[in-house]
>>> print(open('data-v6.tsv').read())   # TSV, C-alpha atoms (C1' of nucleotides)
chain	number	residue	atom	x	y	z
A	1	MET	CA	14.87	25.42	-8.59
A	2	SER	CA	16.53	23.32	-11.26
A	3	PHE	CA	15.17	20.08	-9.86
A	4	ASP	CA	12.80	18.11	-12.04
A	5	MET	CA	10.63	15.68	-10.16
A	6	GLU	CA	10.31	13.49	-13.22
A	7	THR	CA	13.91	12.50	-12.73
A	8	PHE	CA	13.41	11.63	-9.07
A	9	LEU	CA	14.03	7.94	-8.72
A	10	PRO	CA	11.56	6.92	-5.99
A	11	TYR	CA	8.83	8.87	-7.71
A	12	ARG	CA	9.52	7.40	-11.12
A	13	LEU	CA	9.86	3.88	-9.91
A	14	TYR	CA	6.65	4.12	-7.94
A	15	GLN	CA	4.86	5.24	-11.07
A	16	ALA	CA	6.28	2.46	-13.17
A	17	ALA	CA	5.61	-0.16	-10.50
A	18	GLU	CA	2.08	1.07	-10.03
A	19	MET	CA	1.29	1.04	-13.73
A	20	THR	CA	2.75	-2.34	-14.49
A	21	GLY	CA	1.52	-3.85	-11.24
A	22	ARG	CA	-2.04	-2.77	-11.85
A	23	ALA	CA	-1.96	-3.84	-15.45
A	24	PHE	CA	-0.81	-7.32	-14.51
A	25	GLU	CA	-3.28	-7.44	-11.65
A	26	ARG	CA	-6.16	-6.90	-14.05
A	27	GLU	CA	-5.14	-10.09	-15.80
A	28	TYR	CA	-4.47	-12.54	-13.01
A	29	GLY	CA	-6.83	-10.90	-10.55
A	30	ALA	CA	-9.80	-11.84	-12.65
A	31	ARG	CA	-8.65	-15.40	-13.02
A	32	TYR	CA	-7.46	-16.19	-9.49
A	33	GLY	CA	-8.32	-14.26	-6.36
A	34	LEU	CA	-4.69	-13.44	-5.76
A	35	ARG	CA	-3.47	-10.26	-4.11
A	36	ARG	CA	-0.20	-8.77	-5.15
A	37	THR	CA	1.60	-9.81	-2.01
A	38	GLU	CA	0.42	-13.34	-2.51
A	39	TRP	CA	1.76	-13.85	-5.99
A	40	ARG	CA	5.05	-12.34	-4.94
A	41	VAL	CA	5.35	-14.95	-2.23
A	42	LEU	CA	4.11	-17.67	-4.55
A	43	PHE	CA	6.67	-16.74	-7.16
A	44	ASN	CA	9.47	-16.82	-4.66
A	45	VAL	CA	8.51	-20.18	-3.27
A	46	GLY	CA	8.00	-21.48	-6.77
A	47	GLN	CA	11.32	-20.33	-8.07
A	48	TYR	CA	13.55	-20.65	-5.01
A	49	GLY	CA	11.68	-23.07	-2.77
A	50	PRO	CA	12.10	-24.76	-0.40
A	51	ILE	CA	12.77	-21.40	1.17
A	52	SER	CA	12.08	-19.74	4.49
A	53	ALA	CA	10.04	-16.59	5.07
A	54	VAL	CA	13.05	-14.53	6.07
A	55	GLU	CA	14.85	-15.50	2.94
A	56	ILE	CA	11.87	-14.37	0.87
A	57	SER	CA	11.83	-11.14	2.80
A	58	ARG	CA	15.46	-10.50	1.93
A	59	ARG	CA	15.07	-11.41	-1.69
A	60	ALA	CA	11.83	-9.63	-2.42
A	61	SER	CA	12.02	-6.59	-0.13
A	62	LEU	CA	8.78	-7.71	1.46
A	63	GLU	CA	7.94	-7.04	5.06
A	64	LYS	CA	7.87	-10.19	7.11
A	65	THR	CA	4.38	-9.64	8.44
A	66	LYS	CA	3.11	-9.43	4.89
A	67	ILE	CA	4.77	-12.72	4.16
A	68	SER	CA	3.43	-14.36	7.27
A	69	ARG	CA	-0.12	-13.42	6.35
A	70	ALA	CA	0.26	-14.31	2.71
A	71	VAL	CA	1.63	-17.71	3.65
A	72	HIS	CA	-1.39	-18.41	5.82
A	73	ARG	CA	-3.76	-17.54	3.02
A	74	LEU	CA	-1.85	-19.53	0.43
A	75	GLN	CA	-1.75	-22.45	2.80
A	76	GLU	CA	-5.51	-22.30	3.30
A	77	ARG	CA	-5.94	-22.57	-0.41
A	78	GLY	CA	-3.68	-25.54	-0.49
A	79	TRP	CA	-1.12	-23.97	-2.77
A	80	LEU	CA	1.70	-23.97	-0.28
A	81	LYS	CA	2.94	-26.12	2.58
A	82	ARG	CA	5.46	-25.89	5.39
A	83	LEU	CA	8.35	-28.25	5.90
A	84	TYR	CA	9.07	-28.78	9.57
A	85	SER	CA	11.77	-31.31	8.95
A	86	LYS	CA	14.70	-29.07	9.77
A	87	GLY	CA	16.57	-29.07	13.05
A	88	ASN	CA	16.01	-25.40	13.63
A	89	ARG	CA	12.58	-25.01	15.13
A	90	ARG	CA	12.40	-21.24	14.85
A	91	THR	CA	11.95	-21.49	11.15
A	92	HIS	CA	10.66	-23.78	8.48
A	93	ASP	CA	10.93	-23.91	4.75
A	94	LEU	CA	8.06	-23.31	2.41
A	95	GLU	CA	7.23	-25.33	-0.65
A	96	LEU	CA	4.49	-25.39	-3.26
A	97	THR	CA	1.95	-28.17	-3.34
A	98	GLY	CA	0.90	-29.84	-6.55
A	99	ASP	CA	-1.92	-27.34	-7.00
A	100	GLY	CA	0.47	-24.56	-6.13
A	101	ARG	CA	2.88	-25.64	-8.81
A	102	ARG	CA	0.11	-25.73	-11.35
A	103	ILE	CA	-0.93	-22.16	-10.49
A	104	PHE	CA	2.70	-21.13	-10.47
A	105	GLN	CA	3.17	-22.43	-13.99
A	106	GLU	CA	0.11	-20.61	-15.24
A	107	LEU	CA	1.23	-17.43	-13.55
A	108	THR	CA	4.75	-17.56	-14.91
A	109	LEU	CA	3.26	-18.07	-18.33
A	110	MET	CA	1.15	-14.96	-17.92
A	111	ALA	CA	4.17	-13.15	-16.55
A	112	SER	CA	6.41	-13.92	-19.46
A	113	GLU	CA	3.67	-12.97	-21.89
A	114	PHE	CA	3.31	-9.75	-19.96
A	115	ASN	CA	7.01	-9.11	-20.16
A	116	ALA	CA	7.05	-9.89	-23.83
A	117	ARG	CA	4.56	-7.12	-24.43
A	118	PHE	CA	7.12	-4.61	-23.22
A	119	GLU	CA	10.12	-6.14	-24.82
A	120	ASP	CA	9.28	-4.91	-28.27
A	121	LYS	CA	8.22	-1.57	-26.87
A	122	ILE	CA	11.44	-0.91	-25.05
A	123	GLY	CA	14.01	-3.05	-26.70
A	124	GLN	CA	15.53	-6.07	-25.11
A	125	ASN	CA	18.84	-4.40	-24.48
A	126	GLU	CA	17.40	-1.49	-22.57
A	127	LEU	CA	15.22	-3.77	-20.52
A	128	ASP	CA	18.09	-6.03	-19.62
A	129	LYS	CA	20.23	-3.08	-18.75
A	130	LEU	CA	17.55	-1.60	-16.58
A	131	ILE	CA	16.95	-4.81	-14.71
A	132	THR	CA	20.62	-5.28	-14.10
A	133	GLN	CA	20.89	-1.82	-12.72
A	134	LEU	CA	17.92	-2.36	-10.47
A	135	ASN	CA	19.59	-5.48	-9.19
A	136	ASP	CA	22.63	-3.46	-8.30
A	137	LEU	CA	20.45	-1.06	-6.37
A	138	GLN	CA	19.46	-3.77	-3.98
A	139	LEU	CA	23.01	-4.04	-2.76
A	140	LEU	CA	22.83	-0.52	-1.43
A	141	ASP	CA	19.98	-1.30	0.91
A	142	HIS	CA	21.73	-1.99	4.19
A	143	SER	CA	19.44	-0.89	7.00
A	144	THR	CA	16.13	-2.60	6.44
A	145	PRO	CA	14.61	-1.84	9.83
A	146	ALA	CA	11.68	-4.09	10.61
A	147	MET	CA	11.88	-6.49	7.76
B	1	MET	CA	10.18	-23.39	-16.76
B	2	SER	CA	12.57	-21.00	-18.41
B	3	PHE	CA	10.95	-18.01	-16.80
B	4	ASP	CA	13.05	-16.05	-14.34
B	5	MET	CA	11.04	-13.97	-11.93
B	6	GLU	CA	13.92	-11.56	-11.53
B	7	THR	CA	13.25	-10.34	-15.04
B	8	PHE	CA	9.57	-9.81	-14.37
B	9	LEU	CA	8.90	-6.13	-14.71
B	10	PRO	CA	6.18	-5.52	-12.10
B	11	TYR	CA	8.11	-7.54	-9.56
B	12	ARG	CA	11.39	-5.80	-10.21
B	13	LEU	CA	9.92	-2.34	-10.27
B	14	TYR	CA	8.04	-2.92	-7.05
B	15	GLN	CA	11.25	-3.94	-5.36
B	16	ALA	CA	13.16	-0.97	-6.65
B	17	ALA	CA	10.35	1.43	-5.78
B	18	GLU	CA	10.08	-0.05	-2.31
B	19	MET	CA	13.78	0.16	-1.64
B	20	THR	CA	14.31	3.67	-2.88
B	21	GLY	CA	11.00	4.88	-1.46
B	22	ARG	CA	11.79	3.60	2.00
B	23	ALA	CA	15.31	4.92	1.89
B	24	PHE	CA	14.10	8.37	1.05
B	25	GLU	CA	11.33	8.12	3.61
B	26	ARG	CA	13.84	7.53	6.35
B	27	GLU	CA	15.36	10.90	5.56
B	28	TYR	CA	12.38	13.19	5.19
B	29	GLY	CA	10.15	11.21	7.50
B	30	ALA	CA	12.27	12.08	10.48
B	31	ARG	CA	12.32	15.75	9.60
B	32	TYR	CA	8.71	16.34	8.58
B	33	GLY	CA	5.76	14.13	9.34
B	34	LEU	CA	5.10	13.51	5.67
B	35	ARG	CA	3.67	10.34	4.27
B	36	ARG	CA	4.67	9.16	0.84
B	37	THR	CA	1.40	10.09	-0.77
B	38	GLU	CA	1.70	13.56	0.67
B	39	TRP	CA	5.07	14.41	-0.73
B	40	ARG	CA	4.02	13.09	-4.10
B	41	VAL	CA	1.12	15.50	-4.11
B	42	LEU	CA	3.28	18.28	-2.71
B	43	PHE	CA	5.86	17.73	-5.42
B	44	ASN	CA	3.25	17.85	-8.14
B	45	VAL	CA	1.66	21.01	-6.87
B	46	GLY	CA	5.08	22.55	-6.36
B	47	GLN	CA	6.33	21.73	-9.80
B	48	TYR	CA	3.18	22.00	-11.91
B	49	GLY	CA	0.83	24.11	-9.77
B	50	PRO	CA	-1.66	25.61	-10.02
B	51	ILE	CA	-2.98	22.19	-10.88
B	52	SER	CA	-6.15	20.22	-10.24
B	53	ALA	CA	-6.41	16.90	-8.42
B	54	VAL	CA	-7.37	15.00	-11.56
B	55	GLU	CA	-4.39	16.34	-13.37
B	56	ILE	CA	-2.14	15.14	-10.56
B	57	SER	CA	-3.85	11.79	-10.72
B	58	ARG	CA	-3.05	11.49	-14.42
B	59	ARG	CA	0.51	12.64	-14.05
B	60	ALA	CA	1.46	10.68	-10.99
B	61	SER	CA	-0.61	7.50	-11.37
B	62	LEU	CA	-2.15	8.26	-7.99
B	63	GLU	CA	-5.66	7.28	-7.11
B	64	LYS	CA	-7.91	10.25	-6.72
B	65	THR	CA	-9.06	9.32	-3.24
B	66	LYS	CA	-5.47	9.30	-2.09
B	67	ILE	CA	-5.03	12.76	-3.50
B	68	SER	CA	-8.21	14.02	-1.96
B	69	ARG	CA	-7.10	12.92	1.47
B	70	ALA	CA	-3.56	14.10	1.07
B	71	VAL	CA	-4.81	17.52	0.00
B	72	HIS	CA	-6.91	17.81	3.12
B	73	ARG	CA	-3.98	17.01	5.34
B	74	LEU	CA	-1.60	19.31	3.52
B	75	GLN	CA	-4.19	22.04	3.72
B	76	GLU	CA	-4.55	21.57	7.46
B	77	ARG	CA	-0.84	22.10	7.80
B	78	GLY	CA	-1.06	25.24	5.79
B	79	TRP	CA	1.24	24.01	3.04
B	80	LEU	CA	-1.34	24.03	0.29
B	81	LYS	CA	-4.41	26.06	-0.68
B	82	ARG	CA	-7.27	25.78	-3.13
B	83	LEU	CA	-8.05	28.31	-5.82
B	84	TYR	CA	-11.77	28.60	-6.37
B	85	SER	CA	-11.42	31.40	-8.85
B	86	LYS	CA	-12.18	29.35	-11.93
B	87	GLY	CA	-15.49	29.25	-13.70
B	88	ASN	CA	-15.78	25.49	-13.44
B	89	ARG	CA	-17.14	24.69	-10.01
B	90	ARG	CA	-16.59	20.96	-10.16
B	91	THR	CA	-12.91	21.44	-9.78
B	92	HIS	CA	-10.36	23.82	-8.39
B	93	ASP	CA	-6.67	24.27	-8.77
B	94	LEU	CA	-4.20	23.63	-6.01
B	95	GLU	CA	-1.26	25.83	-5.11
B	96	LEU	CA	1.42	25.88	-2.45
B	97	THR	CA	1.37	28.45	0.29
B	98	GLY	CA	4.49	30.29	1.39
B	99	ASP	CA	5.20	27.64	3.98
B	100	GLY	CA	4.47	24.98	1.41
B	101	ARG	CA	6.98	26.45	-0.99
B	102	ARG	CA	9.60	26.50	1.72
B	103	ILE	CA	9.03	22.82	2.49
B	104	PHE	CA	8.98	22.07	-1.21
B	105	GLN	CA	12.36	23.67	-1.70
B	106	GLU	CA	13.84	21.72	1.18
B	107	LEU	CA	12.37	18.50	-0.14
B	108	THR	CA	13.58	19.03	-3.67
B	109	LEU	CA	17.02	19.66	-2.25
B	110	MET	CA	16.89	16.38	-0.38
B	111	ALA	CA	15.54	14.71	-3.49
B	112	SER	CA	18.31	15.84	-5.77
B	113	GLU	CA	20.90	14.85	-3.20
B	114	PHE	CA	19.21	11.49	-3.03
B	115	ASN	CA	19.25	11.16	-6.78
B	116	ALA	CA	22.88	12.13	-6.96
B	117	ARG	CA	23.70	9.13	-4.87
B	118	PHE	CA	22.26	6.85	-7.53
B	119	GLU	CA	23.18	8.71	-10.66
B	120	ASP	CA	26.03	6.46	-11.59
B	121	LYS	CA	24.15	3.39	-10.46
B	122	ILE	CA	21.20	3.55	-12.78
B	123	GLY	CA	20.77	4.75	-16.31
B	124	GLN	CA	18.36	7.62	-16.39
B	125	ASN	CA	17.85	7.04	-20.07
B	126	GLU	CA	16.54	3.54	-19.64
B	127	LEU	CA	14.16	4.60	-16.95
B	128	ASP	CA	12.96	7.56	-18.99
B	129	LYS	CA	12.38	5.36	-21.97
B	130	LEU	CA	10.50	2.82	-19.91
B	131	ILE	CA	8.24	5.38	-18.28
B	132	THR	CA	7.52	7.02	-21.58
B	133	GLN	CA	6.52	3.68	-23.04
B	134	LEU	CA	4.38	2.91	-20.03
B	135	ASN	CA	2.69	6.26	-20.35
B	136	ASP	CA	1.93	5.59	-23.96
B	137	LEU	CA	0.43	2.26	-23.09
B	138	GLN	CA	-1.70	3.79	-20.40
B	139	LEU	CA	-3.34	6.04	-22.94
B	140	LEU	CA	-4.50	2.96	-24.76
B	141	ASP	CA	-5.81	1.49	-21.56
B	142	HIS	CA	-9.24	3.01	-21.28
B	143	SER	CA	-10.34	0.80	-18.43
B	144	THR	CA	-8.60	2.55	-15.57
B	145	PRO	CA	-11.40	1.97	-13.14
B	146	ALA	CA	-11.47	4.52	-10.37
B	147	MET	CA	-8.65	6.83	-11.13
C	1	DA	C1'	-34.76	23.17	-22.58
C	2	DT	C1'	-34.38	18.98	-20.98
C	3	DG	C1'	-32.78	14.64	-20.08
C	4	DT	C1'	-28.70	11.75	-19.98
C	5	DA	C1'	-24.11	10.89	-19.55
C	6	DA	C1'	-19.66	12.22	-18.08
C	7	DC	C1'	-16.75	14.39	-14.82
C	8	DA	C1'	-14.36	16.14	-10.25
C	9	DG	C1'	-14.12	15.43	-5.79
C	10	DT	C1'	-15.57	13.27	-1.45
C	11	DT	C1'	-16.97	9.74	1.81
C	12	DG	C1'	-18.05	4.90	3.89
C	13	DC	C1'	-16.42	0.79	4.80
C	14	DA	C1'	-13.96	-3.40	4.32
C	15	DA	C1'	-9.42	-4.88	3.55
C	16	DA	C1'	-4.46	-4.37	3.57
C	17	DT	C1'	-0.57	-2.44	5.58
C	18	DG	C1'	3.23	-0.74	8.98
C	19	DC	C1'	5.16	-0.83	13.16
C	20	DA	C1'	5.93	-2.28	17.68
C	21	DA	C1'	5.62	-5.80	20.83
C	22	DC	C1'	5.50	-10.53	21.69
C	23	DA	C1'	6.75	-15.77	22.26
C	24	DA	C1'	9.65	-19.24	21.06
C	25	DT	C1'	14.00	-20.70	19.80
C	26	DC	C1'	18.86	-20.56	19.04
C	27	DA	C1'	23.88	-18.81	19.60
C	28	DA	C1'	27.71	-17.74	22.01
C	29	DG	C1'	30.41	-16.22	25.66
C	30	DA	C1'	31.40	-15.69	30.90
D	1	DT	C1'	25.37	-23.82	32.87
D	2	DC	C1'	23.40	-19.67	32.67
D	3	DT	C1'	22.56	-15.40	30.80
D	4	DT	C1'	22.32	-12.06	27.39
D	5	DG	C1'	21.30	-10.91	22.79
D	6	DA	C1'	19.95	-12.13	18.24
D	7	DT	C1'	16.71	-14.56	15.13
D	8	DT	C1'	12.14	-16.20	13.25
D	9	DG	C1'	7.64	-15.95	12.94
D	10	DT	C1'	3.22	-14.17	14.71
D	11	DT	C1'	-0.24	-10.99	16.57
D	12	DG	C1'	-2.50	-6.30	18.13
D	13	DC	C1'	-3.74	-2.15	16.79
D	14	DA	C1'	-3.75	2.16	14.55
D	15	DT	C1'	-3.24	4.00	10.03
D	16	DT	C1'	-3.64	3.71	5.12
D	17	DT	C1'	-5.54	1.98	1.14
D	18	DG	C1'	-8.90	0.36	-2.61
D	19	DC	C1'	-13.17	0.25	-4.41
D	20	DA	C1'	-17.81	1.50	-4.90
D	21	DA	C1'	-21.19	4.69	-4.16
D	22	DC	C1'	-22.44	9.24	-3.64
D	23	DT	C1'	-22.97	14.67	-4.39
D	24	DG	C1'	-22.64	18.38	-7.11
D	25	DT	C1'	-21.52	20.22	-11.52
D	26	DT	C1'	-20.89	20.46	-16.54
D	27	DA	C1'	-21.35	18.84	-21.42
D	28	DC	C1'	-23.94	17.42	-24.98
D	29	DA	C1'	-27.38	15.33	-27.89
D	30	DT	C1'	-32.06	15.56	-29.16
>>> encode(input="data-v6.tsv", output="structure tokens")
Amino acid sequence: MSFDMETFLPYRLYQAAEMTGRAFEREYGARYGLRRTEWRVLFNVGQYGPISAVEISRRASLEKTKISRAVHRLQERGWLKRLYSKGNRRTHDLELTGDGRRIFQELTLMASEFNARFEDKIGQNELDKLITQLNDLQLLDHSTPAM
Amino acid sequence: MSFDMETFLPYRLYQAAEMTGRAFEREYGARYGLRRTEWRVLFNVGQYGPISAVEISRRASLEKTKISRAVHRLQERGWLKRLYSKGNRRTHDLELTGDGRRIFQELTLMASEFNARFEDKIGQNELDKLITQLNDLQLLDHSTPAM
DNA sequence: ATGTAACAGTTGCAAATGCAACAATCAAGA
DNA sequence: TCTTGATTGTTGCATTTGCAACTGTTACAT
């Protein structure tokens, strides 16, 4: 009876993710034909690449089938390539192409401008604190089933 | 170059929402056959009902087609009913049935237990502040297309 | 009152997603 | 070596979603 849904974490976070995600999508979506899954993969490869799909999955909490499909599409566009050089033939690392890096730079610029819009609304300290706490949350996620 | 994706709000929030949402889903999903959209609607009707679909859409940042479909399914299960009593025939309020209220109580119990697990991990204040700010921004955003 | 726009809810359909199953590869012990 | 189990990535298929278009209703300006 005393429970207030507005304090319920999954509900709140979904709301916030939905609002910010859609807002950002309106900006980049018009410019590039990028889906949300695709820029998430692109960002990960851009920032952490060369990196494998599984590693992206772990980092970004993305399902591996999503990644697999996003990689194919990004590859078709020539923004991403696979590195088969490793000894392990189950996996391969992913890396941005020249075009991919160019898009990545533009996107990160948009992203930091987007972030900046909230910084003065929330206050840098609160934002930093929140992000740190969200990072800690990830450690609690032990049993990712099919990812 | 100085941009760190881990500070990017839509990315971070998506991760956190995904992690917590899935974790909670593993608990209630086994017990009831509820999808995420459905419990969101159920929660809103339970807490704010009688309430219309549009009002839920505004509150919960849920697309109205999602709500429409979720309402149909919840109605089939007998957890939710429509109130046609109002003068305005475009819309109607939604309300939980007796069964619906029972489920709602069980779910809110699970939800507050779930929250309790994270209480010391995340600052409710920061999240509250963020959501409030996001809500304020959404009011200025008149171009929400189909919601 | 009448036409026009806005609104609430629904539906059609293409696209995205989730989950299980799969093939290929590797690891590690009997 | 051989076998069992894990790992990585991919596909098949059913379900869910997003977006636009639609119906029916109301508001509102002229």
>>> closest_residue(input="data-v6.tsv", among="B:Thr20, B:Thr132, B:Ser52, B:Asn88", to="chain D", atoms="all atoms listed in the file")
B:Asn88
>>> calpha_fit_rmsd(input="data-v6.tsv", fixed="chain B", moving="chain A")
1.7 Å
>>> closest_residue(input="data-v6.tsv", among="B:Tyr28, B:Phe118, B:Trp39, B:Tyr14", to="chain A", atoms="all atoms listed in the file")
B:Tyr14
>>> residues_around(input="data-v6.tsv", residues="D:DG18", least_positions_apart="5", cutoff="10 Å", atoms="all atoms listed in the file", output="list in words")
Glu63, Thr65, Lys66 and Ala146 of chain B; DA14, DA15 and DA16 of chain C
>>> interface_residues(input="data-v6.tsv", of="chain A", to="chain C", cutoff="12 Å", atoms="only C-alpha atoms (C1' of nucleotides)", output="JSON, numbers by chain")
{"A": [35, 36, 37, 38, 62, 63, 64, 65, 66, 67, 69, 70, 87, 88, 89, 90, 91, 145, 146, 147]}
>>> closest_atom_pairs(input="data-v6.tsv", of="chain D", to="chain B", cutoff="12 Å", atoms="only C-alpha atoms (C1' of nucleotides)", output="CSV")
residue,atom,partner,partner_atom,distance
D:DT15,C1',B:Arg35,CA,11.0
D:DT16,C1',B:Lys66,CA,9.3
D:DT17,C1',B:Lys66,CA,8.0
D:DG18,C1',B:Glu63,CA,8.9
D:DC19,C1',B:Ala146,CA,7.5
D:DA20,C1',B:Ala146,CA,8.9
D:DA21,C1',B:Ala146,CA,11.5
D:DT23,C1',B:Arg90,CA,10.7
D:DG24,C1',B:Arg90,CA,7.2
D:DT25,C1',B:Arg90,CA,5.2
D:DT26,C1',B:Arg90,CA,7.7
D:DA27,C1',B:Asn88,CA,11.8
>>> build_atoms(input="data-v6.tsv", residues="stretch 83-109 of chain B", atoms="N, CA and C atoms", output="PDB file, in the frame of the given file")
ATOM      1  N   LEU B  83      -7.674  27.109  -5.075  1.00  0.00           N
ATOM      2  CA  LEU B  83      -8.050  28.310  -5.820  1.00  0.00           C
ATOM      3  C   LEU B  83      -9.423  28.104  -6.432  1.00  0.00           C
ATOM      4  N   TYR B  84     -10.404  28.793  -5.888  1.00  0.00           N
ATOM      5  CA  TYR B  84     -11.770  28.600  -6.370  1.00  0.00           C
ATOM      6  C   TYR B  84     -12.141  29.596  -7.459  1.00  0.00           C
ATOM      7  N   SER B  85     -11.147  30.273  -7.962  1.00  0.00           N
ATOM      8  CA  SER B  85     -11.420  31.400  -8.850  1.00  0.00           C
ATOM      9  C   SER B  85     -12.003  30.988 -10.201  1.00  0.00           C
ATOM     10  N   LYS B  86     -11.782  29.759 -10.589  1.00  0.00           N
ATOM     11  CA  LYS B  86     -12.180  29.350 -11.930  1.00  0.00           C
ATOM     12  C   LYS B  86     -13.689  29.304 -12.138  1.00  0.00           C
ATOM     13  N   GLY B  87     -14.079  29.324 -13.375  1.00  0.00           N
ATOM     14  CA  GLY B  87     -15.490  29.250 -13.700  1.00  0.00           C
ATOM     15  C   GLY B  87     -16.081  27.883 -13.408  1.00  0.00           C
ATOM     16  N   ASN B  88     -15.312  26.849 -13.649  1.00  0.00           N
ATOM     17  CA  ASN B  88     -15.780  25.490 -13.440  1.00  0.00           C
ATOM     18  C   ASN B  88     -15.821  25.174 -11.946  1.00  0.00           C
ATOM     19  N   ARG B  89     -17.016  24.892 -11.455  1.00  0.00           N
ATOM     20  CA  ARG B  89     -17.140  24.690 -10.010  1.00  0.00           C
ATOM     21  C   ARG B  89     -17.052  23.234  -9.596  1.00  0.00           C
ATOM     22  N   ARG B  90     -16.842  22.348 -10.551  1.00  0.00           N
ATOM     23  CA  ARG B  90     -16.590  20.960 -10.160  1.00  0.00           C
ATOM     24  C   ARG B  90     -15.190  20.842  -9.585  1.00  0.00           C
ATOM     25  N   THR B  91     -14.319  21.620 -10.107  1.00  0.00           N
ATOM     26  CA  THR B  91     -12.910  21.440  -9.780  1.00  0.00           C
ATOM     27  C   THR B  91     -12.302  22.760  -9.295  1.00  0.00           C
ATOM     28  N   HIS B  92     -11.092  22.630  -8.808  1.00  0.00           N
ATOM     29  CA  HIS B  92     -10.360  23.820  -8.390  1.00  0.00           C
ATOM     30  C   HIS B  92      -8.888  23.491  -8.448  1.00  0.00           C
ATOM     31  N   ASP B  93      -8.114  24.496  -8.708  1.00  0.00           N
ATOM     32  CA  ASP B  93      -6.670  24.270  -8.770  1.00  0.00           C
ATOM     33  C   ASP B  93      -6.059  24.331  -7.385  1.00  0.00           C
ATOM     34  N   LEU B  94      -4.929  23.651  -7.270  1.00  0.00           N
ATOM     35  CA  LEU B  94      -4.200  23.630  -6.010  1.00  0.00           C
ATOM     36  C   LEU B  94      -2.893  24.397  -6.167  1.00  0.00           C
ATOM     37  N   GLU B  95      -2.480  25.017  -5.083  1.00  0.00           N
ATOM     38  CA  GLU B  95      -1.260  25.830  -5.110  1.00  0.00           C
ATOM     39  C   GLU B  95      -0.603  25.759  -3.751  1.00  0.00           C
ATOM     40  N   LEU B  96       0.708  25.862  -3.733  1.00  0.00           N
ATOM     41  CA  LEU B  96       1.420  25.880  -2.450  1.00  0.00           C
ATOM     42  C   LEU B  96       1.289  27.235  -1.782  1.00  0.00           C
ATOM     43  N   THR B  97       1.281  27.202  -0.475  1.00  0.00           N
ATOM     44  CA  THR B  97       1.370  28.450   0.290  1.00  0.00           C
ATOM     45  C   THR B  97       2.834  28.828   0.436  1.00  0.00           C
ATOM     46  N   GLY B  98       3.097  29.894   1.135  1.00  0.00           N
ATOM     47  CA  GLY B  98       4.490  30.290   1.390  1.00  0.00           C
ATOM     48  C   GLY B  98       5.225  29.206   2.151  1.00  0.00           C
ATOM     49  N   ASP B  99       4.608  28.735   3.216  1.00  0.00           N
ATOM     50  CA  ASP B  99       5.200  27.640   3.980  1.00  0.00           C
ATOM     51  C   ASP B  99       5.404  26.414   3.096  1.00  0.00           C
ATOM     52  N   GLY B 100       4.405  26.134   2.298  1.00  0.00           N
ATOM     53  CA  GLY B 100       4.470  24.980   1.410  1.00  0.00           C
ATOM     54  C   GLY B 100       5.648  25.085   0.458  1.00  0.00           C
ATOM     55  N   ARG B 101       5.859  26.273  -0.073  1.00  0.00           N
ATOM     56  CA  ARG B 101       6.980  26.450  -0.990  1.00  0.00           C
ATOM     57  C   ARG B 101       8.307  26.243  -0.282  1.00  0.00           C
ATOM     58  N   ARG B 102       8.365  26.675   0.956  1.00  0.00           N
ATOM     59  CA  ARG B 102       9.600  26.500   1.720  1.00  0.00           C
ATOM     60  C   ARG B 102       9.903  25.007   1.908  1.00  0.00           C
ATOM     61  N   ILE B 103       8.873  24.271   2.329  1.00  0.00           N
ATOM     62  CA  ILE B 103       9.030  22.820   2.490  1.00  0.00           C
ATOM     63  C   ILE B 103       9.409  22.167   1.161  1.00  0.00           C
ATOM     64  N   PHE B 104       8.727  22.620   0.125  1.00  0.00           N
ATOM     65  CA  PHE B 104       8.980  22.070  -1.210  1.00  0.00           C
ATOM     66  C   PHE B 104      10.441  22.248  -1.603  1.00  0.00           C
ATOM     67  N   GLN B 105      10.957  23.413  -1.353  1.00  0.00           N
ATOM     68  CA  GLN B 105      12.360  23.670  -1.700  1.00  0.00           C
ATOM     69  C   GLN B 105      13.298  22.747  -0.915  1.00  0.00           C
ATOM     70  N   GLU B 106      13.006  22.600   0.373  1.00  0.00           N
ATOM     71  CA  GLU B 106      13.840  21.720   1.180  1.00  0.00           C
ATOM     72  C   GLU B 106      13.766  20.282   0.679  1.00  0.00           C
ATOM     73  N   LEU B 107      12.559  19.867   0.322  1.00  0.00           N
ATOM     74  CA  LEU B 107      12.370  18.500  -0.140  1.00  0.00           C
ATOM     75  C   LEU B 107      13.049  18.261  -1.482  1.00  0.00           C
ATOM     76  N   THR B 108      12.933  19.216  -2.366  1.00  0.00           N
ATOM     77  CA  THR B 108      13.580  19.030  -3.670  1.00  0.00           C
ATOM     78  C   THR B 108      15.097  18.996  -3.500  1.00  0.00           C
ATOM     79  N   LEU B 109      15.588  19.726  -2.523  1.00  0.00           N
ATOM     80  CA  LEU B 109      17.020  19.660  -2.250  1.00  0.00           C
ATOM     81  C   LEU B 109      17.406  18.254  -1.794  1.00  0.00           C
TER      82      LEU B 109
END
